[in-house]
Structures are given as structure tokens and as C-alpha cells.
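Asks: Take this structure, written in C-alpha cells, and hold onto it; I'll ask about it next.
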Amino acid sequence: MAYEEKTRSAGKPHHVIMEERSKLSVTGVEDVPSFDEDQIVMRTAQGSLIVRGSNLHIGKLTLDSGEVAIDGLVNELCYEENAPSGGFWSRLFG
């Protein structure tokens, strides 16, 4: 387990800065697979980050530097471990 943590932290630096629940800045973002007004899903150096709220808007998205700026009312920040790679059977029995 310690090896996995060292490997994961070797990526881009990851920071989350929230101002007044209406502005959110995230660094270390690798991809934004889905987003809408109520939920934004980002793949970061520390796992998947799900932002839930209302009237969410991505004001800045720069994947080259790994920066995302979000405006709107933020109700929840939730991290999930990255899904294992492979097909259905490898996830089921892996």
C-alpha cells in the first residue's frame, strides 16, 4: 500500500482552493470526463474528484497545466479511487 501512495503522489501537484462556496480552483487535473450544471467529474493526480452543486460553470480549463476554475454554488466535494483498468471480468474478479 505504501508503494501505491508514493506512486500516486509522484504526479502533478494537486490543490483545491474554495472561496465562499462560489469559486473553486483545482490543480493537478488530468481530465474532465463529464460535467453539467449540477455535477462536474474530474480525474486528478489523487483520484476522481466529483463536485456537486447548482449552476456550476467551468470558467477555465487548461489540461496542459492541469488547472480548472469553477463558478457556482458548491454543495459537495467527493473523492473516489480511480477505477481499475481492464474489462468487466477483470474488474469483477481482479
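Each chain in the C-alpha cells gets a letter, A, B and so on, in the order shown; residues start at 1 in every chain, and ligands are counted from 1 in the order they appear.
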Among region 34-78 of chain A, which ones does DSSP assign to strand (DSSP E or B) (computed from the backbone)? Answer as a PyMOL selection string.

Replies: chain A and resi 34-35+39-44+47-62+67-78

Asks: For region 48-65 of chain A, please output as a list of chain:residue names all residues within 7 Å (counting only C-alpha atoms; exclusion window: fewer than 4 positions along the same chain).

Replies: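 Surrounding residues, per the criterion: A:Val29, A:Glu30, A:Asp31, A:Glu37, A:Asp38, A:Gln39, A:Ile40, A:Val41, A:Met42, A:Arg43, A:Thr44, A:Ala69, A:Ile70, A:Asp71, A:Gly72, A:Leu73, A:Val74, A:Asn75, A:Glu76, A:Leu77, A:Cys78, A:Tyr79, A:Glu80, A:Glu81, A:Asn82.
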
Asks: Using Å and a single decimal, report how far CA of Gly66 (chain A) sits from CA of Phe35 (chain A).

Replies: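 CA of Gly66 (chain A) lies 16.4 Å from CA of Phe35 (chain A).
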
Asks: Work out how far apart CA of Met18 (chain A) and CA of Asp36 (chain A) are and give it in Å to one decimal.

Replies: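 Between these atoms lies a distance of 19.0 Å.
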